[in-house]
file start-v8.csv (CSV, C-alpha atoms)
chain,number,residue,atom,x,y,z
A,1,SER,CA,50.8,29.0,110.4
A,2,ILE,CA,53.0,31.6,108.8
A,3,MET,CA,50.5,34.3,109.9
A,4,VAL,CA,50.5,33.0,113.4
A,5,ALA,CA,54.4,33.0,113.4
A,6,LEU,CA,54.4,36.6,112.1
A,7,GLN,CA,51.9,37.6,114.8
A,8,GLN,CA,54.1,36.1,117.5
A,9,LEU,CA,57.4,37.5,116.1
A,10,ILE,CA,56.4,41.0,114.9
A,11,PHE,CA,52.8,42.0,115.6
A,12,ILE,CA,52.6,41.2,119.4
A,13,PRO,CA,56.0,42.8,120.2
A,14,LEU,CA,55.2,46.0,118.3
A,15,LEU,CA,51.7,46.1,119.9
A,16,SER,CA,53.3,45.5,123.3
A,17,LEU,CA,55.8,48.3,122.9
A,18,LEU,CA,53.4,50.9,121.4
A,19,PRO,CA,51.5,51.9,124.6
A,20,CYS,CA,54.8,51.9,126.6
A,21,VAL,CA,56.5,54.2,124.1
A,22,LEU,CA,53.6,56.5,124.1
A,23,TRP,CA,53.5,56.7,127.9
A,24,LEU,CA,57.3,57.1,127.9
A,25,TRP,CA,57.0,60.1,125.6
A,26,TYR,CA,54.3,61.5,128.0
A,27,PHE,CA,56.4,61.2,131.1
A,28,SER,CA,59.7,62.3,129.6
A,29,SER,CA,58.0,65.4,128.1
A,30,ARG,CA,56.9,66.6,131.6
A,31,SER,CA,60.3,68.2,132.4
A,32,ARG,CA,60.0,72.0,132.2
A,33,TYR,CA,63.7,73.0,132.1
A,34,LYS,CA,65.4,70.4,130.0
A,35,HIS,CA,64.8,67.4,127.8
A,36,PRO,CA,66.0,64.1,129.5
A,37,ALA,CA,69.0,62.6,127.8
A,38,VAL,CA,67.9,60.1,125.2
A,39,ARG,CA,70.9,57.8,126.0
A,40,VAL,CA,70.0,57.6,129.7
A,41,LEU,CA,66.3,57.2,129.0
A,42,GLY,CA,67.0,54.4,126.4
A,43,LEU,CA,69.3,52.5,128.6
A,44,THR,CA,67.0,52.8,131.6
A,45,PHE,CA,64.1,51.5,129.5
A,46,LEU,CA,66.3,48.6,128.4
A,47,LEU,CA,67.4,47.8,131.9
A,48,GLY,CA,63.8,47.9,133.1
A,49,ALA,CA,62.9,45.4,130.4
A,50,LEU,CA,65.8,43.1,131.5
A,51,ALA,CA,64.7,43.5,135.1
A,52,THR,CA,61.7,41.2,134.3
A,53,ILE,CA,64.1,38.2,134.4
A,54,PRO,CA,65.2,38.4,138.1
A,55,ALA,CA,61.7,39.6,139.0
A,56,LEU,CA,60.2,36.5,137.4
A,57,LEU,CA,62.7,34.2,139.2
A,58,LEU,CA,62.1,35.8,142.6
A,59,ASN,CA,58.3,35.8,142.0
A,60,LEU,CA,58.4,32.0,141.2
A,61,PHE,CA,60.6,31.3,144.2
A,62,GLY,CA,58.3,33.3,146.5
A,63,GLN,CA,55.2,31.7,145.0
A,64,SER,CA,56.6,28.1,145.6
A,65,LEU,CA,57.6,29.1,149.1
A,66,PHE,CA,54.1,30.4,150.0
A,67,ILE,CA,52.4,27.4,148.4
A,68,SER,CA,54.6,24.9,150.2
A,69,VAL,CA,53.7,26.6,153.5
A,70,PHE,CA,50.0,27.5,153.0
A,71,GLY,CA,49.0,25.2,150.2
A,72,SER,CA,47.7,26.1,146.8
A,73,THR,CA,44.7,28.0,147.8
A,74,SER,CA,43.1,31.4,146.8
A,75,TRP,CA,44.4,32.9,150.0
A,76,SER,CA,48.0,31.8,149.4
A,77,HIS,CA,47.9,33.3,145.9
A,78,LEU,CA,46.6,36.5,147.3
A,79,LEU,CA,49.4,36.5,149.9
A,80,VAL,CA,51.9,36.0,147.0
A,81,LEU,CA,50.5,39.1,145.3
A,82,ILE,CA,50.7,41.2,148.5
A,83,PHE,CA,54.0,40.1,150.0
A,84,ILE,CA,56.0,38.9,146.9
A,85,VAL,CA,54.9,40.3,143.5
A,86,GLY,CA,54.4,43.9,144.4
A,87,PRO,CA,57.5,44.3,146.7
A,88,VAL,CA,59.8,42.3,144.4
A,89,GLU,CA,58.9,44.1,141.2
A,90,GLU,CA,59.1,47.5,142.8
A,91,ALA,CA,62.5,46.6,144.4
A,92,ILE,CA,64.0,45.3,141.1
A,93,LYS,CA,62.9,48.4,139.2
A,94,LEU,CA,64.2,50.7,142.0
A,95,LEU,CA,67.6,49.0,141.9
A,96,VAL,CA,67.8,49.5,138.1
A,97,VAL,CA,67.3,53.2,138.5
A,98,TYR,CA,69.4,53.5,141.6
A,99,PHE,CA,72.4,51.8,140.2
A,100,TYR,CA,72.2,53.5,136.8
A,101,ALA,CA,70.1,56.6,136.1
A,102,TYR,CA,70.4,57.9,139.7
A,103,ARG,CA,74.2,58.1,139.4
A,104,GLN,CA,74.2,59.9,136.1
A,105,LYS,CA,74.9,63.7,135.9
A,106,GLU,CA,71.7,64.1,134.0
A,107,PHE,CA,69.7,63.1,137.1
A,108,ASP,CA,69.8,66.7,138.5
A,109,GLU,CA,66.3,68.0,139.0
A,110,ALA,CA,63.3,67.1,141.1
A,111,LEU,CA,61.2,65.6,138.3
A,112,ASP,CA,64.1,63.3,137.2
A,113,GLY,CA,63.2,60.7,139.8
A,114,VAL,CA,59.6,60.4,138.4
A,115,ILE,CA,60.8,60.4,134.7
A,116,TYR,CA,63.5,57.7,135.1
A,117,SER,CA,61.4,55.5,137.5
A,118,ALA,CA,58.6,55.6,135.0
A,119,THR,CA,61.0,54.8,132.2
A,120,ALA,CA,62.3,51.7,133.9
A,121,ALA,CA,58.7,50.7,134.8
A,122,LEU,CA,57.6,51.0,131.2
A,123,GLY,CA,60.5,48.9,130.0
A,124,PHE,CA,59.4,46.3,132.6
A,125,ALA,CA,55.7,46.6,131.4
A,126,ALA,CA,56.7,46.2,127.8
A,127,ILE,CA,58.1,42.7,128.4
A,128,GLU,CA,55.1,41.8,130.6
A,129,ASN,CA,52.9,42.9,127.6
A,130,VAL,CA,54.7,40.6,125.2
A,131,VAL,CA,54.4,37.6,127.5
A,132,TYR,CA,50.7,38.4,128.4
A,133,LEU,CA,49.6,39.1,124.8
A,134,ALA,CA,51.4,36.0,123.5
A,135,GLN,CA,49.3,33.9,125.8
A,136,ASN,CA,46.0,35.7,125.4
A,137,ASP,CA,44.1,37.8,122.8
A,138,ALA,CA,46.4,40.5,121.4
A,139,MET,CA,43.6,43.0,121.5
A,140,LEU,CA,43.8,43.0,125.3
A,141,VAL,CA,46.6,45.6,124.8
A,142,LEU,CA,43.6,48.0,124.6
A,143,LEU,CA,43.0,47.2,128.2
A,144,ARG,CA,46.6,46.9,129.4
A,145,GLY,CA,47.8,50.0,127.6
A,146,PRO,CA,45.5,52.5,129.5
A,147,LEU,CA,45.6,50.6,132.8
A,148,SER,CA,48.5,48.2,133.6
A,149,ASN,CA,51.2,50.2,131.8
A,150,PRO,CA,50.7,53.6,133.4
A,151,GLY,CA,50.0,51.7,136.7
A,152,HIS,CA,53.6,50.4,136.6
A,153,ALA,CA,54.8,53.9,135.9
A,154,LEU,CA,52.8,55.5,138.6
A,155,PHE,CA,53.7,53.0,141.3
A,156,SER,CA,57.4,53.4,140.5
A,157,ALA,CA,57.0,57.2,140.4
A,158,ILE,CA,56.4,57.0,144.2
A,159,TRP,CA,59.9,55.7,144.9
A,160,GLY,CA,61.2,57.8,142.0
A,161,MET,CA,60.1,60.9,144.0
A,162,SER,CA,61.9,59.5,147.0
A,163,LEU,CA,65.1,59.1,145.0
A,164,SER,CA,64.9,62.8,144.0
A,165,ARG,CA,64.3,63.8,147.7
A,166,ALA,CA,67.1,61.6,148.8
A,167,LYS,CA,69.5,63.2,146.4
A,168,THR,CA,69.0,66.6,148.0
A,169,LYS,CA,70.2,65.1,151.3
A,170,PRO,CA,73.9,64.6,152.4
A,171,ASN,CA,75.4,61.5,150.7
A,172,LEU,CA,75.1,59.4,153.9
A,173,PHE,CA,73.4,56.1,154.2
A,174,SER,CA,71.6,57.2,157.3
A,175,GLN,CA,70.2,60.2,155.5
A,176,ARG,CA,69.2,58.8,152.2
A,177,PHE,CA,68.2,55.2,152.8
A,178,PRO,CA,65.1,55.8,155.0
A,179,ILE,CA,63.7,58.1,152.4
A,180,ILE,CA,64.1,55.6,149.6
A,181,LEU,CA,62.8,52.8,151.8
A,182,GLU,CA,59.7,54.7,152.6
A,183,GLY,CA,59.0,55.3,148.9
A,184,TRP,CA,59.5,51.6,148.1
A,185,ILE,CA,57.1,50.6,150.8
A,186,TYR,CA,54.3,52.9,149.6
A,187,ALA,CA,54.9,51.8,146.0
A,188,SER,CA,54.8,48.1,146.9
A,189,LEU,CA,51.6,48.5,148.9
A,190,LEU,CA,49.8,50.3,146.0
A,191,HIS,CA,51.2,47.8,143.5
A,192,SER,CA,49.9,44.9,145.7
A,193,LEU,CA,46.5,46.5,146.2
A,194,PHE,CA,46.2,47.0,142.4
A,195,ASP,CA,47.0,43.4,141.7
A,196,VAL,CA,44.5,42.2,144.4
A,197,LEU,CA,41.8,44.4,143.0
A,198,LEU,CA,42.5,43.1,139.5
A,199,VAL,CA,42.1,39.5,140.7
A,200,ALA,CA,38.9,40.4,142.7
A,201,ALA,CA,37.5,42.1,139.6
A,202,SER,CA,38.1,39.1,137.4
A,203,ARG,CA,36.5,36.8,140.0
A,204,VAL,CA,33.4,39.1,140.3
A,205,SER,CA,33.2,39.2,136.5
A,206,ILE,CA,33.2,35.4,136.2
A,207,VAL,CA,30.5,35.1,138.9
A,208,PHE,CA,28.4,37.9,137.2
A,209,PHE,CA,28.5,36.2,133.8
A,210,ALA,CA,27.8,32.8,135.3
A,211,LEU,CA,24.7,34.2,136.9
A,212,LEU,CA,23.6,35.7,133.5

call {"tool": "encode", "arguments": {"input": "start-v8.csv", "output": "structure tokens"}}
result
Amino acid sequence: SIMVALQQLIFIPLLSLLPCVLWLWYFSSRSRYKHPAVRVLGLTFLLGALATIPALLLNLFGQSLFISVFGSTSWSHLLVLIFIVGPVEEAIKLLVVYFYAYRQKEFDEALDGVIYSATAALGFAAIENVVYLAQNDAMLVLLRGPLSNPGHALFSAIWGMSLSRAKTKPNLFSQRFPIILEGWIYASLLHSLFDVLLVAASRVSIVFFALL
């Protein structure tokens, strides 16, 4: 029982953070002209991790709403992935970057949108890893590390690029908001598609092994 407790308290959190930290190093080292500020990167990562709390609450609310309307069916769960999970998670991560990193003086070159959006996304993914691995086999990090973690970062990089584009425009709502909104929509669609494909793949795998 002591070993199980140590695994829950130390091993799983460290294992969950490792791929996210490695991907964070990769994305942050892409800047050609300067090294992103460690302070801004660190706080953006932390805020991305904390963003899992409102995202979870909104996802649960959206799920209960869809189930109450459509019933607890496979289709209703797919609708939740498409219309709730992807859009909500991308919106929460976007708001984290918009209200913090985007307003820092260090956010001053085109690639910063990608770097800070990926940073927030990896903070978000780190907490997801902890929760997921605590409920499943810890070795599944070997699958989540190369797939789900950079997936979060890449989806968010879409609206991250939109933030960089928006910052080059006059500081007017009518000029910047449509650009940011477009990035969020595309990121949400790709996120939702990824989640649906994961569910479909798991269902196909179950059928395949059952036939064997």

call {"tool": "atom_distance", "arguments": {"input": "start-v8.csv", "atom1": "CA of Ser162 (chain A)", "atom2": "CA of Ile179 (chain A)"}}
result
5.9 Å

call {"tool": "atom_distance", "arguments": {"input": "start-v8.csv", "atom1": "CA of Lys169 (chain A)", "atom2": "CA of Asp112 (chain A)"}}
result
15.5 Å

call {"tool": "closest_residue", "arguments": {"input": "start-v8.csv", "among": "A:Gly123, A:Ala101, A:Lys167, A:Phe61", "to": "Asn149 (chain A)", "atoms": "all atoms listed in the file"}}
result
A:Gly123

call {"tool": "atom_distance", "arguments": {"input": "start-v8.csv", "atom1": "CA of Ala126 (chain A)", "atom2": "CA of Leu46 (chain A)"}}
result
9.9 Å

call {"tool": "closest_atom_pairs", "arguments": {"input": "start-v8.csv", "of": "region 26-60 of chain A", "to": "region 76-89 of chain A", "cutoff": "9 Å", "atoms": "all atoms listed in the file", "output": "Markdown table"}}
result
| residue | atom | partner | partner_atom | distance |
| --- | --- | --- | --- | --- |
| A:Ala51 | CA | A:Glu89 | CA | 8.4 |
| A:Thr52 | CA | A:Glu89 | CA | 8.0 |
| A:Ala55 | CA | A:Glu89 | CA | 5.7 |
| A:Leu56 | CA | A:Glu89 | CA | 8.6 |
| A:Leu58 | CA | A:Val88 | CA | 7.1 |
| A:Asn59 | CA | A:Val85 | CA | 5.8 |

call {"tool": "closest_residue", "arguments": {"input": "start-v8.csv", "among": "A:Ala110, A:Ala125, A:Leu198, A:Val96", "to": "Thr168 (chain A)", "atoms": "only C-alpha atoms"}}
result
A:Ala110

call {"tool": "closest_residue", "arguments": {"input": "start-v8.csv", "among": "A:Val40, A:Leu60, A:Leu122, A:Leu190", "to": "Lys93 (chain A)", "atoms": "only C-alpha atoms"}}
result
A:Leu122

call {"tool": "residues_around", "arguments": {"input": "start-v8.csv", "residues": "Tyr102 (chain A)", "least_positions_apart": "3", "cutoff": "9 Å", "atoms": "all atoms listed in the file", "output": "count of residues only"}}
result
14

call {"tool": "closest_residue", "arguments": {"input": "start-v8.csv", "among": "A:Ala121, A:Leu50, A:Phe70, A:Ala166", "to": "Glu109 (chain A)", "atoms": "only C-alpha atoms"}}
result
A:Ala166

call {"tool": "closest_residue", "arguments": {"input": "start-v8.csv", "among": "A:Ile67, A:Glu90, A:Leu95, A:Glu182", "to": "Gly151 (chain A)", "atoms": "only C-alpha atoms"}}
result
A:Glu90

call {"tool": "closest_residue", "arguments": {"input": "start-v8.csv", "among": "A:Leu43, A:Leu172, A:Ala187, A:Ile180", "to": "Tyr100 (chain A)", "atoms": "all atoms listed in the file"}}
result
A:Leu43

call {"tool": "build_atoms", "arguments": {"input": "start-v8.csv", "residues": "region 171-193 of chain A", "atoms": "N, CA and C atoms", "output": "short mmCIF file (atom, residue, chain, number, x, y, z; two decimals), keeping the file's coordinate frame"}}
result
data_model
loop_
_atom_site.label_atom_id
_atom_site.label_comp_id
_atom_site.auth_asym_id
_atom_site.auth_seq_id
_atom_site.Cartn_x
_atom_site.Cartn_y
_atom_site.Cartn_z
N ASN A 171 75.15 62.88 151.26
CA ASN A 171 75.40 61.50 150.70
C ASN A 171 75.82 60.58 151.83
N LEU A 172 74.89 60.33 152.73
CA LEU A 172 75.10 59.40 153.90
C LEU A 172 73.99 58.39 153.86
N PHE A 173 74.34 57.15 154.14
CA PHE A 173 73.40 56.10 154.20
C PHE A 173 72.22 56.38 155.12
N SER A 174 72.56 56.89 156.28
CA SER A 174 71.60 57.20 157.30
C SER A 174 70.60 58.28 156.90
N GLN A 175 71.03 59.14 155.98
CA GLN A 175 70.20 60.20 155.50
C GLN A 175 69.31 59.84 154.34
N ARG A 176 69.87 59.07 153.42
CA ARG A 176 69.20 58.80 152.20
C ARG A 176 68.34 57.49 152.21
N PHE A 177 68.86 56.47 152.87
CA PHE A 177 68.20 55.20 152.80
C PHE A 177 66.77 55.20 153.38
N PRO A 178 66.50 55.82 154.53
CA PRO A 178 65.10 55.80 155.00
C PRO A 178 64.12 56.46 154.08
N ILE A 179 64.54 57.48 153.35
CA ILE A 179 63.70 58.10 152.40
C ILE A 179 63.31 57.21 151.24
N ILE A 180 64.35 56.55 150.71
CA ILE A 180 64.10 55.60 149.60
C ILE A 180 63.31 54.42 150.04
N LEU A 181 63.60 53.91 151.24
CA LEU A 181 62.80 52.80 151.80
C LEU A 181 61.37 53.10 151.92
N GLU A 182 61.08 54.29 152.41
CA GLU A 182 59.70 54.70 152.60
C GLU A 182 58.96 54.73 151.23
N GLY A 183 59.62 55.27 150.20
CA GLY A 183 59.00 55.30 148.90
C GLY A 183 58.75 53.92 148.33
N TRP A 184 59.70 53.01 148.53
CA TRP A 184 59.50 51.60 148.10
C TRP A 184 58.36 50.95 148.78
N ILE A 185 58.21 51.17 150.07
CA ILE A 185 57.10 50.60 150.80
C ILE A 185 55.76 51.03 150.31
N TYR A 186 55.61 52.34 150.13
CA TYR A 186 54.30 52.90 149.60
C TYR A 186 54.04 52.36 148.21
N ALA A 187 55.05 52.34 147.35
CA ALA A 187 54.90 51.80 146.00
C ALA A 187 54.47 50.37 145.98
N SER A 188 55.10 49.58 146.85
CA SER A 188 54.80 48.10 146.90
C SER A 188 53.38 47.92 147.41
N LEU A 189 52.95 48.69 148.40
CA LEU A 189 51.60 48.50 148.90
C LEU A 189 50.55 48.86 147.84
N LEU A 190 50.77 49.94 147.09
CA LEU A 190 49.80 50.30 146.00
C LEU A 190 49.84 49.28 144.90
N HIS A 191 51.02 48.80 144.55
CA HIS A 191 51.20 47.80 143.50
C HIS A 191 50.40 46.51 143.93
N SER A 192 50.60 46.09 145.16
CA SER A 192 49.90 44.90 145.70
C SER A 192 48.41 45.08 145.69
N LEU A 193 47.97 46.25 146.13
CA LEU A 193 46.50 46.50 146.20
C LEU A 193 45.94 46.49 144.78
#
